[in-house]
>>> print(open('data-v9.cif').read())   # mmCIF, C-alpha atoms
data_model
#
loop_
_atom_site.label_atom_id
_atom_site.label_comp_id
_atom_site.auth_asym_id
_atom_site.auth_seq_id
_atom_site.Cartn_x
_atom_site.Cartn_y
_atom_site.Cartn_z
CA MET A 1 0.00 0.00 0.00
CA LYS A 2 1.34 3.42 -1.00
CA ALA A 3 2.14 5.50 2.10
CA MET A 4 1.17 9.12 2.63
CA ARG A 5 4.10 11.46 2.06
CA ARG A 6 4.82 14.13 4.64
CA PHE A 7 5.95 17.62 3.69
CA CYS A 8 7.08 20.64 5.68
CA ARG A 9 6.03 23.63 3.66
CA PRO A 10 5.18 27.30 4.13
CA LEU A 11 1.55 28.40 3.95
CA ALA A 12 0.48 29.81 0.61
CA PRO A 13 -0.87 33.38 0.61
CA ASN A 14 -4.52 33.32 1.81
CA GLU A 15 -4.31 29.63 2.67
CA MET A 16 -6.24 28.63 5.78
CA ASP A 17 -4.01 28.65 8.85
CA PHE A 18 -5.26 25.30 10.13
CA GLU A 19 -2.91 25.27 13.12
CA GLY A 20 -4.03 28.72 14.24
CA TRP A 21 -7.71 27.92 13.93
CA PHE A 22 -7.34 24.54 15.61
CA LEU A 23 -5.52 26.14 18.53
CA PHE A 24 -8.16 28.85 18.80
CA GLY A 25 -11.08 26.39 18.51
CA SER A 26 -9.74 23.85 21.00
CA ALA A 27 -8.72 26.57 23.47
CA ALA A 28 -12.16 28.20 23.22
CA LEU A 29 -13.83 24.83 23.79
CA ALA A 30 -11.59 23.99 26.75
CA VAL A 31 -11.80 27.41 28.42
CA GLY A 32 -15.58 27.62 27.85
CA SER A 33 -16.24 24.10 29.18
CA LEU A 34 -13.97 24.38 32.21
CA THR A 35 -15.36 27.78 33.21
CA TRP A 36 -18.90 26.48 32.77
CA LEU A 37 -18.14 23.45 34.94
CA ALA A 38 -16.23 25.51 37.51
CA TRP A 39 -19.33 27.62 38.00
CA GLY A 40 -21.35 24.48 38.61
CA LEU A 41 -23.72 25.29 35.76
CA PRO A 42 -25.95 22.52 34.37
CA TRP A 43 -24.12 20.04 32.15
CA PRO A 44 -25.91 17.64 29.81
CA ARG A 45 -26.31 14.18 31.29
CA CYS A 46 -25.99 10.98 29.31
CA TRP A 47 -29.55 9.98 28.45
CA VAL A 48 -28.48 6.48 27.35
CA ARG A 49 -27.06 5.77 30.76
CA HIS A 50 -29.96 7.51 32.45
CA LEU A 51 -32.64 5.58 30.55
CA LEU A 52 -31.01 2.23 29.89
CA GLY A 53 -28.46 2.00 32.67
CA VAL A 54 -25.58 1.31 30.27
CA PRO A 55 -22.90 3.76 29.15
CA CYS A 56 -22.83 5.26 25.65
CA PRO A 57 -19.53 5.34 23.65
CA THR A 58 -18.72 8.82 24.97
CA CYS A 59 -19.68 8.25 28.60
CA GLY A 60 -17.04 9.53 30.98
CA SER A 61 -15.69 12.16 28.55
CA THR A 62 -16.30 15.06 30.93
CA ARG A 63 -14.91 13.22 33.95
CA CYS A 64 -11.97 12.06 31.82
CA ALA A 65 -11.25 15.68 30.82
CA LEU A 66 -11.45 16.81 34.44
CA ALA A 67 -9.14 13.99 35.64
CA PHE A 68 -6.78 14.84 32.76
CA ALA A 69 -6.82 18.53 33.75
CA HIS A 70 -5.95 17.55 37.32
CA GLY A 71 -3.06 15.37 36.14
CA ASP A 72 -4.70 12.12 37.27
CA LEU A 73 -3.84 10.32 34.05
CA ARG A 74 -4.47 6.76 35.27
CA HIS A 75 -7.98 7.66 36.35
CA ALA A 76 -8.54 9.56 33.10
CA ILE A 77 -7.57 6.51 31.01
CA ALA A 78 -9.81 4.26 33.10
CA LEU A 79 -12.80 6.57 32.59
CA ASN A 80 -12.69 6.61 28.80
CA PRO A 81 -9.52 5.41 27.00
CA LEU A 82 -10.53 6.72 23.58
CA MET A 83 -11.37 10.20 24.85
CA PHE A 84 -8.10 10.17 26.78
CA CYS A 85 -6.28 9.55 23.47
CA VAL A 86 -8.30 12.33 21.80
CA TYR A 87 -7.45 14.81 24.57
CA ALA A 88 -3.77 13.79 24.53
CA ALA A 89 -3.65 14.12 20.73
CA THR A 90 -5.35 17.53 20.93
CA ILE A 91 -2.83 18.76 23.49
CA GLY A 92 0.02 17.38 21.38
CA TYR A 93 -1.31 19.10 18.27
CA ASP A 94 -1.88 22.33 20.21
CA CYS A 95 1.77 22.25 21.36
CA TYR A 96 2.92 21.75 17.77
CA ALA A 97 0.56 24.52 16.59
CA SER A 98 1.85 26.92 19.27
CA VAL A 99 5.46 26.26 18.27
CA VAL A 100 4.93 26.72 14.52
CA LEU A 101 2.85 29.84 15.07
CA LEU A 102 5.28 31.34 17.56
CA PHE A 103 8.41 30.71 15.50
CA ARG A 104 6.68 31.06 12.10
CA LEU A 105 7.89 27.64 11.02
CA PRO A 106 6.84 25.64 7.94
CA ARG A 107 3.74 23.50 8.46
CA VAL A 108 3.54 19.73 8.32
CA ARG A 109 1.21 18.65 5.55
CA PHE A 110 0.44 15.24 4.05
CA GLU A 111 -0.17 14.41 0.47
CA SER A 112 -3.83 13.59 -0.17
CA PRO A 113 -4.09 9.93 0.93
CA PRO A 114 -5.08 7.23 -1.56
CA ALA A 115 -8.58 5.74 -1.25
CA ALA A 116 -7.21 2.55 0.32
CA ILE A 117 -5.57 4.50 3.16
CA LYS A 118 -8.74 6.57 3.69
CA ARG A 119 -10.76 3.35 3.90
CA SER A 120 -8.28 1.78 6.34
CA LEU A 121 -8.37 4.91 8.51
CA GLY A 122 -12.17 4.81 8.52
CA ILE A 123 -12.15 1.16 9.62
CA MET A 124 -9.60 1.92 12.33
CA VAL A 125 -11.68 4.81 13.70
CA ALA A 126 -14.83 2.67 13.72
CA ALA A 127 -12.96 -0.21 15.40
CA ALA A 128 -11.50 2.13 18.05
CA ILE A 129 -14.98 3.46 18.88
CA ALA A 130 -16.40 -0.07 19.07
CA LEU A 131 -13.53 -1.32 21.27
CA ASN A 132 -13.83 1.68 23.55
CA TRP A 133 -17.56 1.09 23.94
CA PHE A 134 -16.96 -2.59 24.67
CA TYR A 135 -14.46 -1.57 27.36
CA LEU A 136 -16.95 0.91 28.86
CA LEU A 137 -19.73 -1.70 28.89
CA THR A 138 -17.54 -4.33 30.53
CA SER A 139 -15.97 -1.95 33.05
CA TYR A 140 -19.41 -0.58 33.95
CA SER A 141 -20.81 -4.05 34.61
CA ARG A 142 -17.93 -4.94 36.94
CA MET B 143 9.29 15.34 -7.01
CA LYS B 144 5.73 16.40 -6.18
CA ILE B 145 4.61 20.00 -6.65
CA TRP B 146 1.85 21.56 -4.54
CA ILE B 147 -0.53 23.82 -6.42
CA ASN B 148 -2.59 26.51 -4.77
CA ARG B 149 -5.13 28.94 -6.19
CA ALA B 150 -6.49 31.82 -4.10
CA GLY B 151 -5.66 30.00 -0.86
CA GLN B 152 -7.24 26.72 -1.99
CA ASN B 153 -4.96 23.71 -2.42
CA LEU B 154 -5.56 21.95 -5.72
CA GLY B 155 -3.39 18.95 -4.88
CA THR B 156 0.09 17.59 -5.53
CA PHE B 157 1.32 16.84 -9.03
CA THR B 158 4.46 15.87 -10.89
CA LEU B 159 6.09 18.45 -13.19
CA GLU B 160 4.67 16.64 -16.22
CA GLU B 161 1.16 16.65 -14.78
CA VAL B 162 1.41 20.39 -14.05
CA GLN B 163 2.57 21.08 -17.60
CA GLN B 164 -0.24 18.94 -18.99
CA ARG B 165 -2.86 20.81 -16.93
CA LEU B 166 -1.36 24.14 -17.96
CA ASP B 167 -1.64 23.10 -21.61
CA GLN B 168 -5.25 22.01 -21.05
CA GLY B 169 -6.10 25.29 -19.36
CA GLN B 170 -6.90 23.70 -15.98
CA PHE B 171 -4.06 25.61 -14.34
CA VAL B 172 -3.22 29.23 -15.06
CA ALA B 173 0.08 31.11 -14.91
CA THR B 174 -0.95 32.92 -11.71
CA ASP B 175 -1.58 29.69 -9.74
CA LEU B 176 1.01 29.23 -7.02
CA ALA B 177 3.40 26.29 -6.81
CA TRP B 178 5.73 24.92 -4.17
CA GLN B 179 8.05 21.96 -3.99
CA GLU B 180 10.56 20.70 -1.42
CA GLY B 181 13.59 22.92 -1.12
CA MET B 182 11.75 26.14 -2.01
CA GLU B 183 11.47 28.88 0.62
CA GLY B 184 8.15 30.21 -0.56
CA TRP B 185 5.43 29.83 -3.19
CA LYS B 186 5.96 30.99 -6.76
CA PRO B 187 3.49 31.63 -9.59
CA LEU B 188 3.58 28.90 -12.23
CA SER B 189 4.86 31.52 -14.69
CA GLU B 190 8.08 31.75 -12.61
CA PHE B 191 8.36 28.06 -11.77
CA PRO B 192 11.43 26.40 -13.32
CA GLY B 193 10.87 23.74 -15.94
CA LEU B 194 7.40 24.86 -17.03
CA THR B 195 6.32 26.49 -20.27
CA ILE B 196 3.31 28.76 -20.09
CA PRO B 197 1.12 28.26 -23.15
CA PRO B 198 0.09 31.41 -25.04
CA ALA B 199 -3.28 32.89 -24.07
CA ARG B 200 -6.10 31.20 -25.95
CA PRO B 201 -7.93 33.61 -28.24
CA GLU B 202 -11.19 31.69 -27.82
CA SER B 203 -11.03 31.90 -24.02
CA PRO B 204 -13.79 34.14 -22.67
CA PRO B 205 -12.57 37.12 -20.65
CA LEU B 206 -13.00 36.67 -16.90
CA VAL B 207 -14.60 40.09 -16.51
CA PRO B 208 -16.98 41.50 -19.14
CA PRO B 209 -15.85 44.80 -20.63
CA ALA B 210 -17.44 47.62 -18.65
CA GLU B 211 -18.19 49.67 -21.76
CA THR B 212 -20.54 47.01 -23.16
CA PRO B 213 -24.02 48.38 -22.43
CA GLY B 214 -25.87 46.19 -19.95
CA ALA B 215 -23.02 43.72 -19.63
CA GLU B 216 -22.27 44.64 -16.04
CA LEU B 217 -25.88 44.31 -14.98
CA ALA B 218 -26.36 41.05 -16.80
CA THR B 219 -23.26 39.31 -15.53
CA ALA B 220 -22.45 40.88 -12.16
CA PRO B 221 -24.82 38.79 -9.99
CA ALA B 222 -23.43 35.52 -11.40
CA ALA B 223 -19.87 36.52 -10.60
CA GLU B 224 -20.72 38.04 -7.23
CA VAL B 225 -19.31 36.33 -4.20
CA ALA B 226 -21.93 35.02 -1.79
CA PRO B 227 -23.15 35.15 0.91
CA ALA B 228 -23.13 38.91 1.38
CA TRP B 229 -21.20 38.52 4.65
CA GLU B 230 -18.14 37.56 2.59
CA ARG B 231 -18.25 41.13 1.19
CA LEU B 232 -18.74 42.70 4.60
CA SER B 233 -16.28 45.53 4.02
CA GLU B 234 -18.00 46.65 0.81
CA VAL B 235 -21.61 46.05 1.82
CA GLY B 236 -21.58 47.15 5.47
CA PHE B 237 -22.55 45.24 8.62
CA GLY B 238 -26.34 45.62 8.69
CA LYS B 239 -26.95 44.93 5.02
CA ALA B 240 -24.45 42.05 4.94
CA PHE B 241 -25.98 40.46 8.05
CA PHE B 242 -29.60 40.53 6.90
CA THR B 243 -28.84 39.74 3.25
CA THR B 244 -26.88 36.68 4.39
CA PHE B 245 -29.88 35.51 6.40
CA ARG B 246 -32.12 35.90 3.36
CA GLN B 247 -29.62 34.15 1.07
CA ILE B 248 -29.02 31.19 3.40
CA LEU B 249 -32.69 30.75 4.29
CA PHE B 250 -34.25 31.17 0.87
CA GLU B 251 -31.57 30.49 -1.74
CA PRO B 252 -28.96 28.24 -0.10
CA GLY B 253 -28.05 26.42 -3.34
CA GLN B 254 -27.17 29.55 -5.30
CA THR B 255 -25.47 31.11 -2.29
CA PHE B 256 -23.19 28.20 -1.41
CA ALA B 257 -22.30 27.69 -5.08
CA ARG B 258 -20.70 31.15 -4.98
CA LEU B 259 -18.97 30.69 -1.61
CA PRO B 260 -15.28 31.61 -1.93
CA LEU B 261 -12.81 29.12 -0.48
CA ASN B 262 -9.92 31.44 0.18
CA GLY B 263 -8.70 30.08 3.48
CA LYS B 264 -10.00 32.97 5.56
CA LEU B 265 -12.14 31.70 8.42
CA GLY B 266 -12.51 35.00 10.25
CA ARG B 267 -15.56 36.09 8.24
CA PRO B 268 -17.67 32.91 8.75
CA THR B 269 -16.61 32.76 12.41
CA GLY B 270 -17.69 36.39 12.76
CA PHE B 271 -21.08 35.61 11.24
CA PHE B 272 -21.52 32.57 13.47
CA ALA B 273 -20.56 34.70 16.49
CA ALA B 274 -23.08 37.38 15.48
CA VAL B 275 -25.85 34.76 15.11
CA VAL B 276 -24.96 33.19 18.47
CA ALA B 277 -24.89 36.63 20.12
CA LEU B 278 -28.33 37.41 18.69
CA GLN B 279 -29.67 34.01 19.80
CA LEU B 280 -28.19 34.39 23.30
CA LEU B 281 -29.62 37.87 23.59
CA ILE B 282 -33.06 36.68 22.59
CA SER B 283 -33.17 33.33 24.37
CA LEU B 284 -31.10 33.98 27.50
CA GLY B 285 -30.44 37.68 27.91
CA LEU B 286 -34.01 38.83 27.41
CA PRO B 287 -35.76 36.54 29.94
CA LEU B 288 -32.97 36.91 32.48
CA GLY B 289 -32.87 40.64 31.99
CA LEU B 290 -36.62 40.81 32.52
CA GLN B 291 -36.37 38.73 35.66
CA LEU B 292 -33.56 40.89 36.92
CA ALA B 293 -35.68 43.95 36.29
CA LEU B 294 -38.92 42.54 37.66
CA GLY B 295 -37.49 40.80 40.70
CA PRO B 296 -37.55 37.23 41.95
CA MET B 297 -41.36 36.99 42.06
CA VAL B 298 -41.59 36.45 38.30
CA GLY B 299 -40.50 33.34 36.43
CA ALA B 300 -39.11 30.00 37.41
CA TYR B 301 -35.44 30.64 36.80
CA SER B 302 -35.04 32.86 39.84
CA HIS B 303 -36.08 29.92 42.02
CA SER B 304 -33.89 27.38 40.26
CA GLU B 305 -30.87 25.69 41.77
CA GLU B 306 -28.57 27.29 39.18
CA TYR B 307 -29.83 30.74 40.08
CA GLU B 308 -29.25 30.11 43.77
CA LYS B 309 -25.75 28.79 43.11
CA LEU B 310 -24.83 31.72 40.91
CA ALA B 311 -26.39 34.24 43.23
CA ALA B 312 -24.58 32.73 46.21
CA MET B 313 -21.32 32.69 44.30
CA THR B 314 -21.28 36.26 43.09
CA GLY B 315 -24.19 37.89 44.83
CA ASN B 316 -24.75 39.98 41.75
CA LEU B 317 -26.77 38.78 38.79
CA ALA B 318 -25.84 41.82 36.76
CA VAL B 319 -22.30 40.40 36.65
CA VAL B 320 -23.33 36.78 36.22
CA ILE B 321 -25.62 37.22 33.22
CA PRO B 322 -23.03 38.87 30.96
CA LEU B 323 -20.42 36.37 32.17
CA MET B 324 -22.74 33.45 31.33
CA ILE B 325 -23.33 34.94 27.90
CA ILE B 326 -19.59 35.41 27.28
CA VAL B 327 -18.67 31.88 28.41
CA GLY B 328 -21.57 30.35 26.49
CA PHE B 329 -20.48 32.35 23.48
CA VAL B 330 -16.84 31.18 23.61
CA PHE B 331 -18.02 27.62 24.25
CA MET B 332 -20.34 27.60 21.24
CA ILE B 333 -17.61 28.91 18.93
CA GLY B 334 -15.35 26.06 20.10
CA VAL B 335 -18.16 23.53 19.68
CA ASN B 336 -18.80 24.78 16.16
CA PHE B 337 -15.21 23.98 15.13
CA LEU B 338 -15.67 20.51 16.56
CA VAL B 339 -19.06 19.93 14.90
CA ALA B 340 -17.72 21.04 11.52
CA GLY B 341 -14.77 18.67 12.07
CA ILE B 342 -17.12 15.75 12.76
CA TYR B 343 -19.18 16.49 9.62
CA HIS B 344 -15.99 16.81 7.56
CA LEU B 345 -14.66 13.53 8.95
CA VAL B 346 -17.88 11.68 8.08
CA LEU B 347 -17.94 13.27 4.62
CA THR B 348 -14.30 12.22 4.10
CA LEU B 349 -15.09 8.66 5.19
CA LEU B 350 -17.96 8.61 2.70
CA GLY B 351 -15.56 9.78 -0.02
CA GLY B 352 -17.48 13.03 -0.58
CA ALA B 353 -14.99 15.60 0.72
CA THR B 354 -13.34 17.18 -2.30
CA LYS B 355 -12.39 20.44 -0.57
CA ALA B 356 -10.50 21.14 2.62
CA TYR B 357 -12.03 21.46 6.11
CA GLU B 358 -12.52 25.20 5.61
CA GLY B 359 -15.27 24.53 3.05
CA THR B 360 -17.24 22.44 5.53
CA TYR B 361 -16.57 24.94 8.32
CA LYS B 362 -17.85 27.85 6.25
CA VAL B 363 -21.03 25.95 5.32
CA ILE B 364 -21.70 25.08 8.97
CA CYS B 365 -21.11 28.68 10.10
CA TYR B 366 -23.41 30.22 7.51
CA SER B 367 -26.07 27.52 7.93
CA GLN B 368 -26.45 28.73 11.52
CA ALA B 369 -28.49 31.56 10.03
CA ALA B 370 -31.39 29.08 10.09
CA GLN B 371 -31.23 28.96 13.89
CA ILE B 372 -32.83 32.37 14.05
CA VAL B 373 -36.11 30.67 13.12
CA SER B 374 -36.04 29.08 16.60
CA VAL B 375 -37.24 32.34 18.16
CA ILE B 376 -40.69 31.69 16.66
CA PRO B 377 -42.85 30.30 19.47
CA CYS B 378 -43.93 26.61 19.42
CA VAL B 379 -42.79 25.39 16.01
CA GLY B 380 -39.66 27.55 15.87
CA PRO B 381 -37.07 25.13 17.31
CA ILE B 382 -38.18 22.21 15.11
CA ALA B 383 -38.40 24.44 12.03
CA ALA B 384 -34.93 25.81 12.79
CA ILE B 385 -33.43 22.30 12.94
CA ILE B 386 -35.05 21.28 9.65
CA TRP B 387 -34.04 24.54 7.98
CA TYR B 388 -30.50 24.19 9.29
CA LEU B 389 -30.25 20.62 7.98
CA ILE B 390 -31.47 21.65 4.53
CA ALA B 391 -29.05 24.59 4.38
CA ALA B 392 -26.09 22.55 5.64
CA ILE B 393 -26.74 19.59 3.32
CA THR B 394 -27.20 21.89 0.31
CA GLY B 395 -24.06 23.77 1.30
CA LEU B 396 -21.91 20.65 1.61
CA GLN B 397 -23.23 19.36 -1.71
CA LYS B 398 -22.43 22.61 -3.51
CA VAL B 399 -19.08 23.35 -1.87
CA HIS B 400 -17.69 19.81 -2.14
CA GLN B 401 -19.44 19.21 -5.48
CA THR B 402 -20.52 15.84 -4.21
CA GLU B 403 -23.67 13.73 -4.39
CA GLY B 404 -26.62 14.90 -2.31
CA TRP B 405 -26.88 11.61 -0.40
CA LYS B 406 -23.25 11.82 0.74
CA ALA B 407 -23.76 15.40 1.97
CA ALA B 408 -26.99 14.34 3.68
CA LEU B 409 -25.37 11.35 5.38
CA ALA B 410 -22.41 13.47 6.54
CA ILE B 411 -24.83 15.72 8.40
CA LEU B 412 -27.43 13.13 9.37
CA ILE B 413 -25.18 10.34 10.67
CA PRO B 414 -24.00 12.41 13.67
CA TYR B 415 -27.60 13.57 14.11
CA PHE B 416 -28.94 10.02 13.97
CA LEU B 417 -26.34 8.90 16.46
CA CYS B 418 -27.20 11.66 18.92
CA ILE B 419 -30.78 12.78 18.38
CA GLY B 420 -32.27 10.00 16.26
CA THR B 421 -31.46 7.34 18.82
CA ALA B 422 -32.88 9.52 21.58
CA VAL B 423 -36.16 9.94 19.69
CA ALA B 424 -36.35 6.20 18.93
CA LEU B 425 -35.70 5.37 22.57
CA THR B 426 -38.33 7.83 23.76
CA ILE B 427 -40.88 6.27 21.41
CA PHE B 428 -39.86 2.82 22.63
CA LEU B 429 -40.16 3.84 26.29
CA VAL B 430 -43.54 5.53 25.74
CA ALA B 431 -44.78 2.38 23.99
CA GLN B 432 -43.52 0.24 26.88
CA ALA B 433 -45.19 2.50 29.43
CA GLN B 434 -48.48 2.36 27.50
CA LYS B 435 -48.25 -1.44 27.37
CA GLU B 436 -47.70 -1.61 31.14
CA MET B 437 -50.64 0.72 31.76
CA ARG B 438 -52.89 -1.65 29.77
#
>>> encode(input="data-v9.cif", output="structure tokens")
Amino acid sequence: MKAMRRFCRPLAPNEMDFEGWFLFGSAALAVGSLTWLAWGLPWPRCWVRHLLGVPCPTCGSTRCALAFAHGDLRHAIALNPLMFCVYAATIGYDCYASVVLLFRLPRVRFESPPAAIKRSLGIMVAAAIALNWFYLLTSYSR
Amino acid sequence: MKIWINRAGQNLGTFTLEEVQQRLDQGQFVATDLAWQEGMEGWKPLSEFPGLTIPPARPESPPLVPPAETPGAELATAPAAEVAPAWERLSEVGFGKAFFTTFRQILFEPGQTFARLPLNGKLGRPTGFFAAVVALQLLISLGLPLGLQLALGPMVGAYSHSEEYEKLAAMTGNLAVVIPLMIIVGFVFMIGVNFLVAGIYHLVLTLLGGATKAYEGTYKVICYSQAAQIVSVIPCVGPIAAIIWYLIAAITGLQKVHQTEGWKAALAILIPYFLCIGTAVALTIFLVAQAQKEMR
């Protein structure tokens, strides 16, 4: 299977600054959510768990984020492993984005992936969600 | 070695030198398109790119802009070439006109509007429109009732007796500070959520093989489709109508911007909806049916 090639290139004039927008969007989401929670304002509850008594694939995301924010990584992984990976990846990407924005460095870009790679990625994402849900269901029943 | 091609901020893909030359000869690329390859410090127009020959201008090619001196030409052709929605021309049109024209365009002519949406990499404009819509919504749905309650005192309305109110009041002791703070935090939160939602739609569209443009295209569609949310201020049917209107605008937008099949655009929007809302509705129906059965 042909691999995706990685490039480090400057942004073209008027090209979307993905790193900048990602950093802004994720920071806005994090600051907004944490302030909202810190004020003790109402937070949506999981209706699947409420009605059926079983967790949904995203159950534990908020608690995972809070444990993550407090540095309790073991607890964060136990609450929702997939969301833990998403938060860790977001922080990693935000660090990279901050560095390239601060030092005006070239941006990492990948060549448009072939259909086979796109399909494989899709299957991997679906499998990760399914595995995570299976873990949540089994850990909840214990 | 692969060459990246960019036109007006939009990446057209990576090509070999031969492929670029072929597309130049066919008229798919123009001399002003920008190119970059490994080792270069910055982007260069194709006309200055080494190893390429720019074909002479084709005499049969129609001019991009009609000559102004042709009587009626400007009037006849200007609307077709005009960038849409009007918010994208904010500086020329002015805030008020751009804001309300964009609402009209997104609500009543989404197909034509999104077909003329420029993909130039600038996300500030759509984010600004989304922020303006959210601000208007927050003012109407949250600021107005809370402001009224603040003015009329705790004897009116249920919110003043709610647990949240008590918590907030105990925490700050001053609702006049809390209300604007709630609006600001809610505002920032919704802007962040919008980036995430657009990302989810784009991911699903990519998995379906329908994403032909970058994330910015999807993001712009989602921002401008929020115009439909204003319908939610209509009592009773408003919220439902707003959701339906939003779905139609967003699906049409994705179809036009990504030039993909309607079903792919629809699935990209509806799959996350089905997962979140559709299942909830189905479960509610199931539970109501169960309760009715037990009652019998």
>>> resolve_selection(input="data-v9.cif", expression="the PyMOL selection byres ((chain A) within 6 of (chain B))", output="ChimeraX atom specification")
/A:14-16,25,28-29,32,122
>>> residues_around(input="data-v9.cif", residues="range 274-278 of chain B", least_positions_apart="6", cutoff="12 Å", atoms="all atoms listed in the file", output="PyMOL selection string")
chain B and resi 229+237-238+240-242+244-245+267-268+284-286+322+324-333+335-336+365-375
>>> write_last_selection(input="data-v9.cif", atoms="C-alpha atoms", output="PDB file, in the coordinates of the input")
ATOM      1  CA  TRP B 229     -21.200  38.520   4.650  1.00  0.00           C
ATOM      2  CA  PHE B 237     -22.550  45.240   8.620  1.00  0.00           C
ATOM      3  CA  GLY B 238     -26.340  45.620   8.690  1.00  0.00           C
ATOM      4  CA  ALA B 240     -24.450  42.050   4.940  1.00  0.00           C
ATOM      5  CA  PHE B 241     -25.980  40.460   8.050  1.00  0.00           C
ATOM      6  CA  PHE B 242     -29.600  40.530   6.900  1.00  0.00           C
ATOM      7  CA  THR B 244     -26.880  36.680   4.390  1.00  0.00           C
ATOM      8  CA  PHE B 245     -29.880  35.510   6.400  1.00  0.00           C
ATOM      9  CA  ARG B 267     -15.560  36.090   8.240  1.00  0.00           C
ATOM     10  CA  PRO B 268     -17.670  32.910   8.750  1.00  0.00           C
ATOM     11  CA  LEU B 284     -31.100  33.980  27.500  1.00  0.00           C
ATOM     12  CA  GLY B 285     -30.440  37.680  27.910  1.00  0.00           C
ATOM     13  CA  LEU B 286     -34.010  38.830  27.410  1.00  0.00           C
ATOM     14  CA  PRO B 322     -23.030  38.870  30.960  1.00  0.00           C
ATOM     15  CA  MET B 324     -22.740  33.450  31.330  1.00  0.00           C
ATOM     16  CA  ILE B 325     -23.330  34.940  27.900  1.00  0.00           C
ATOM     17  CA  ILE B 326     -19.590  35.410  27.280  1.00  0.00           C
ATOM     18  CA  VAL B 327     -18.670  31.880  28.410  1.00  0.00           C
ATOM     19  CA  GLY B 328     -21.570  30.350  26.490  1.00  0.00           C
ATOM     20  CA  PHE B 329     -20.480  32.350  23.480  1.00  0.00           C
ATOM     21  CA  VAL B 330     -16.840  31.180  23.610  1.00  0.00           C
ATOM     22  CA  PHE B 331     -18.020  27.620  24.250  1.00  0.00           C
ATOM     23  CA  MET B 332     -20.340  27.600  21.240  1.00  0.00           C
ATOM     24  CA  ILE B 333     -17.610  28.910  18.930  1.00  0.00           C
ATOM     25  CA  VAL B 335     -18.160  23.530  19.680  1.00  0.00           C
ATOM     26  CA  ASN B 336     -18.800  24.780  16.160  1.00  0.00           C
ATOM     27  CA  CYS B 365     -21.110  28.680  10.100  1.00  0.00           C
ATOM     28  CA  TYR B 366     -23.410  30.220   7.510  1.00  0.00           C
ATOM     29  CA  SER B 367     -26.070  27.520   7.930  1.00  0.00           C
ATOM     30  CA  GLN B 368     -26.450  28.730  11.520  1.00  0.00           C
ATOM     31  CA  ALA B 369     -28.490  31.560  10.030  1.00  0.00           C
ATOM     32  CA  ALA B 370     -31.390  29.080  10.090  1.00  0.00           C
ATOM     33  CA  GLN B 371     -31.230  28.960  13.890  1.00  0.00           C
ATOM     34  CA  ILE B 372     -32.830  32.370  14.050  1.00  0.00           C
ATOM     35  CA  VAL B 373     -36.110  30.670  13.120  1.00  0.00           C
ATOM     36  CA  SER B 374     -36.040  29.080  16.600  1.00  0.00           C
ATOM     37  CA  VAL B 375     -37.240  32.340  18.160  1.00  0.00           C
TER      38      VAL B 375
END
>>> axis_aligned_box(input="data-v9.cif", around="range 347-352 of chain B", padding_each_side="8 Å", output="JSON")
{"center_x": -16.1, "center_y": 10.9, "center_z": 2.3, "size_x": 19.7, "size_y": 20.7, "size_z": 21.8}
>>> resolve_selection(input="data-v9.cif", expression="the PyMOL selection byres ((chain A and resi 58-74) around 9)", output="list of chain:residue names")
A:Leu34, A:Cys46, A:Arg49, A:Pro55, A:Cys56, A:Pro57, A:His75, A:Ala76, A:Ile77, A:Ala78, A:Leu79, A:Asn80, A:Pro81, A:Leu82, A:Met83, A:Phe84, A:Tyr87, A:Ala88, A:Ile129, A:Asn132, A:Trp133, A:Leu136
>>> resolve_selection(input="data-v9.cif", expression="the PyMOL selection byres ((chain A and resi 108) around 12)", output="compact mmCIF listing (two decimals) with C-alpha atoms, in the frame of the given file")
# COMPACT_ATOMS: atom_id res chain seq x y z
CA ARG A 5 4.10 11.46 2.06
CA ARG A 6 4.82 14.13 4.64
CA PHE A 7 5.95 17.62 3.69
CA CYS A 8 7.08 20.64 5.68
CA ARG A 9 6.03 23.63 3.66
CA PRO A 10 5.18 27.30 4.13
CA LEU A 11 1.55 28.40 3.95
CA ASP A 17 -4.01 28.65 8.85
CA PHE A 18 -5.26 25.30 10.13
CA GLU A 19 -2.91 25.27 13.12
CA TYR A 93 -1.31 19.10 18.27
CA TYR A 96 2.92 21.75 17.77
CA ALA A 97 0.56 24.52 16.59
CA VAL A 100 4.93 26.72 14.52
CA LEU A 105 7.89 27.64 11.02
CA PRO A 106 6.84 25.64 7.94
CA ARG A 107 3.74 23.50 8.46
CA ARG A 109 1.21 18.65 5.55
CA PHE A 110 0.44 15.24 4.05
CA GLU A 111 -0.17 14.41 0.47
>>> residues_around(input="data-v9.cif", residues="range 378-392 of chain B", least_positions_apart="2", cutoff="12 Å", atoms="only C-alpha atoms", output="PyMOL selection string")
chain B and resi 245-256+279+283+339-340+343-344+359-376+394-400+404+407-415+419
>>> residues_around(input="data-v9.cif", residues="Cys95 in chain A", least_positions_apart="4", cutoff="12 Å", atoms="all atoms listed in the file", output="list in words")
Glu19, Gly20, Phe22, Leu23, Ser26, Ala27, Ala88, Ala89, Thr90, Ile91, Val99, Val100, Leu101 and Leu102 of chain A
>>> atom_distance(input="data-v9.cif", atom1="CA of Ser112 in chain A", atom2="CA of Leu347 in chain B")
14.9 Å
>>> atom_distance(input="data-v9.cif", atom1="CA of Pro13 in chain A", atom2="CA of Pro113 in chain A")
23.7 Å
>>> atom_distance(input="data-v9.cif", atom1="CA of Gly341 in chain B", atom2="CA of Trp43 in chain A")
22.2 Å
>>> residues_near_point(input="data-v9.cif", point="(-19.9, 31.9, -2.8)", cutoff="6 Å", atoms="all atoms listed in the file", output="PyMOL selection string")
chain B and resi 225-227+255-260
